[in-house]
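Asker: Quick one: the structure is below, questions incoming.
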Amino acid sequence: NPKSQIHQSYFMVGFFFAIWQLMYFIGWYVNREEITTQFWHRIGYAGVNFLPIVMFDYVVKFLNLKKIVWWSRLNFLYGLVIAYLIIYTDYIMSCLLQYHWGVYPKAGYWHPVFLIYFNLMLTFVNVFLFIWSFYKKDLNWRYRNQIRYVFIAFFIACLGDVDFLPNYGEKFYPLNFYYYPPFLYFRHFCLAARYFLYYYSGYLRPYCRKNYQLF
């Protein structure tokens with residue numbers, strides 16, 4: 001539903017994941033000139049900067065956390081400022097490091113500060129989803145299962161946080177090459193399971209109760 005704020009927010013999550021992956025792909029395999037490669041990596045890193053912001057925004061809307069909507073809006077302003085610093089300055093991303101698998105962004109002087117807020121947002125995302133999944137009592141079972149699916153999918157996505165290690169010169173092969181496809185597969189599995197459960201509860205359960213005295 002393009003008019004749904006939840007669906008719009010989820011689209012933004014997928015959009016910035018795609019920006020990150022696509023720009024890095026272009027920088028690694030399509031264009032090998034140093035200046036152009038660095039440009040594509042800066043665009044991709046600006047997309048990485050928005051990942052916890054759009055994930056936080058999605059959780060705020062999905063869980064209907066109206067009291068902190070203002071925080072989500074401020075995050076987007078913060079993200080625009082950081083994106084500018086990434087693309088046009090060396091404060092967050094200074095240059096490219098060469099590894100055996102290719103090039104990778106090098107952390108700038110302000111990168112640790114950026115990393116602290118980045119992980120703070122991811123922490124809040126997972127904490128909110130965890131609390132609503134297991135400790136909120138006034139939720140119906142279908143909505144609670146949806147929240148749990150999102151929690152597991154986002155938690156798996158957050159494992160890619162270790163990909164910041166190569167920014168500091170650690171020769172660590174980026175984990176997103178391993179975890180990102182499972183994240184997509186699990187997301188699609190959860191969507192399929194959701195529609196199956198909807199069909200099951202809406203049609204099969206009354207039929208089985210009437211004809212076979214089940215449920």
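Just remember, in the structure tokens the first chain shown is A, the second B, etc., residues are 1-based per chain, and ligands are 1-based in the order shown.
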Applying 12 Å and only C-alpha atoms, which residues near Ala18 in chain A remain after dropping the ones on its own chain fewer than 4 positions away? List them as a list in words.

Answerer: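 Those residues are Phe11, Met12, Val13, Gly14, Leu22, Met23, Tyr24, Phe25, Ile26, Ile43, Gly44, Tyr45, Ala46, Gly47, Val48, Phe50, Leu51, Tyr180 and Leu184 of chain A.
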
Asker: Residues of range 26-107 of chain A within 12 Å of range 118-134 of chain A: nearest atom pair and distance (Å, one decimal) for each, counting only C-alpha atoms, sorted by chain and number, as a Markdown table?

Answerer:
```
| residue | atom | partner | partner_atom | distance |
| --- | --- | --- | --- | --- |
| A:Val48 | CA | A:Phe118 | CA | 9.5 |
| A:Asn49 | CA | A:Phe118 | CA | 7.4 |
| A:Phe50 | CA | A:Phe118 | CA | 9.0 |
| A:Leu51 | CA | A:Phe118 | CA | 8.6 |
| A:Pro52 | CA | A:Leu122 | CA | 5.7 |
| A:Ile53 | CA | A:Met121 | CA | 7.0 |
| A:Val54 | CA | A:Met121 | CA | 9.8 |
| A:Met55 | CA | A:Val125 | CA | 7.0 |
| A:Phe56 | CA | A:Val125 | CA | 5.5 |
| A:Asp57 | CA | A:Val125 | CA | 9.0 |
| A:Tyr58 | CA | A:Val125 | CA | 9.1 |
| A:Val59 | CA | A:Val125 | CA | 6.6 |
| A:Val60 | CA | A:Val125 | CA | 8.6 |
| A:Lys61 | CA | A:Val125 | CA | 11.7 |
| A:Phe62 | CA | A:Leu129 | CA | 9.7 |
| A:Leu63 | CA | A:Trp132 | CA | 7.9 |
| A:Asn64 | CA | A:Trp132 | CA | 11.1 |
| A:Leu65 | CA | A:Phe128 | CA | 9.6 |
| A:Ile68 | CA | A:Phe124 | CA | 11.6 |
| A:Trp71 | CA | A:Met121 | CA | 10.7 |
| A:Ser72 | CA | A:Met121 | CA | 10.1 |
| A:Asn75 | CA | A:Met121 | CA | 9.3 |
| A:Tyr78 | CA | A:Phe118 | CA | 11.1 |
| A:Gly79 | CA | A:Phe118 | CA | 10.1 |
| A:Ile82 | CA | A:Phe118 | CA | 11.0 |
```

Asker: Write out as a VMD selection string all residues of range 9-164 of chain A that DSSP puts in helix (DSSP H, G or I) for this structure's backbone.

Answerer: chain A and resid 9 to 30 34 to 62 66 to 88 111 to 134 141 to 164

Asker: For a quick check of understanding, using only C-alpha atoms, which of A:Phe114, A:Tyr104, A:Phe164, A:Phe151 has the smallest distance to Thr37 in chain A?

Answerer: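 That would be A:Tyr104, the residue with the smallest distance to Thr37 in chain A.
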